[in-house]
Amino acid sequence: MKTIAQQIKWDFEANGSLKITAKNGFTIYFENSNGYWETREYDSDGYQISYEDSKGYWVKTKYDEKGIRIYFEDSDGRIEDDIPKLCENKIVEIDGIKYKLVKA
């Protein structure tokens with residue numbers, strides 16, 4: 001599969017590295033003359049939600065409405081899942097005693 005620079009016949013000697021930015025100014029693609037490339041994706045709030053490079057490394061993330069990272073996963077197998085579960089922080093009452101459910 002050809003890189004973007006190969007597809008558009010980018011002249012690295014004349015133009016330097018290829019950098020593509022979104023309207024918001026964030027870099028969404030970068031490639032250098034060695035064929036190394038990186039691609040990034042951002043959510044509507046400007047948080048980076050994915051990254052991938054030509055070496056095979058990738059990252060996926062999710063953020064809550066306050067901008068706190070609640071999920072992280074990468075190609076090395078690392079996963080951090082802090083996405084609130086439906087039952088967490090709910091109050092239940094058993095025999096007149098109230099209990100708050102928490103993640104075990």
# chains A, B, ... in the order shown; residues from 1 in each chain; ligands from 1

call {"tool": "residues_around", "arguments": {"residues": "Lys90 of chain A", "least_positions_apart": "2", "cutoff": "9 Å", "atoms": "only C-alpha atoms", "output": "PDB file with N, CA and C atoms, in the first residue's frame"}}
result
ATOM      1  N   LEU A  86     -23.107   0.839  34.119  1.00  0.00           N
ATOM      2  CA  LEU A  86     -24.480   1.234  34.406  1.00  0.00           C
ATOM      3  C   LEU A  86     -24.843   1.185  35.885  1.00  0.00           C
ATOM      4  N   CYS A  87     -24.271   0.267  36.642  1.00  0.00           N
ATOM      5  CA  CYS A  87     -24.656   0.101  38.047  1.00  0.00           C
ATOM      6  C   CYS A  87     -23.788   0.904  39.008  1.00  0.00           C
ATOM      7  N   GLU A  88     -22.641   1.385  38.560  1.00  0.00           N
ATOM      8  CA  GLU A  88     -21.755   2.102  39.471  1.00  0.00           C
ATOM      9  C   GLU A  88     -22.413   3.365  40.004  1.00  0.00           C
ATOM     10  N   VAL A  92     -28.844   1.474  46.253  1.00  0.00           N
ATOM     11  CA  VAL A  92     -29.857   0.431  46.393  1.00  0.00           C
ATOM     12  C   VAL A  92     -30.220   0.336  47.871  1.00  0.00           C
ATOM     13  N   TYR A  99     -27.233   1.248  50.223  1.00  0.00           N
ATOM     14  CA  TYR A  99     -25.864   0.898  49.822  1.00  0.00           C
ATOM     15  C   TYR A  99     -25.540   1.593  48.504  1.00  0.00           C
ATOM     16  N   LYS A 100     -24.299   2.055  48.377  1.00  0.00           N
ATOM     17  CA  LYS A 100     -23.841   2.646  47.118  1.00  0.00           C
ATOM     18  C   LYS A 100     -22.988   1.605  46.399  1.00  0.00           C
ATOM     19  N   LEU A 101     -23.331   1.330  45.142  1.00  0.00           N
ATOM     20  CA  LEU A 101     -22.586   0.357  44.359  1.00  0.00           C
ATOM     21  C   LEU A 101     -21.309   0.989  43.837  1.00  0.00           C
ATOM     22  N   VAL A 102     -20.205   0.262  43.992  1.00  0.00           N
ATOM     23  CA  VAL A 102     -18.920   0.723  43.493  1.00  0.00           C
ATOM     24  C   VAL A 102     -18.250  -0.395  42.702  1.00  0.00           C
TER      25      VAL A 102
END

call {"tool": "select_by_dssp", "arguments": {"residues": "chain A", "states": "strand (DSSP E)", "output": "JSON, numbers by chain"}}
result
{"A": [18, 19, 20, 21, 27, 28, 29, 30, 31, 37, 38, 39, 40, 41, 42, 48, 49, 50, 51, 52, 53, 58, 59, 60, 61, 62, 63, 69, 70, 71, 72, 73, 74, 79, 80, 81, 91, 92, 93, 94, 97, 98, 99, 100]}

call {"tool": "closest_residue", "arguments": {"among": "A:Gln48, A:Lys19, A:Gly35, A:Gly25", "to": "Gln6 of chain A", "atoms": "only C-alpha atoms"}}
result
A:Gly35

call {"tool": "residues_around", "arguments": {"residues": "Gly16 of chain A", "least_positions_apart": "2", "cutoff": "12 Å", "atoms": "only C-alpha atoms", "output": "list in words"}}
result
Ala5, Trp10, Asp11, Phe12, Glu13, Ala14, Leu18, Lys19, Phe30, Glu31, Asn32, Ser33 and Asn34 of chain A

call {"tool": "residues_around", "arguments": {"residues": "segment 58-75 of chain A", "least_positions_apart": "5", "cutoff": "9 Å", "atoms": "only C-alpha atoms", "output": "list in words"}}
result
Asp43, Asp45, Tyr47, Gln48, Ile49, Ser50, Tyr51, Glu52, Asp53, Glu80, Asp81, Asp82, Ile83 and Pro84 of chain A

call {"tool": "closest_residue", "arguments": {"among": "A:Asn15, A:Ile28, A:Tyr36, A:Thr21", "to": "Lys2 of chain A", "atoms": "only C-alpha atoms"}}
result
A:Tyr36
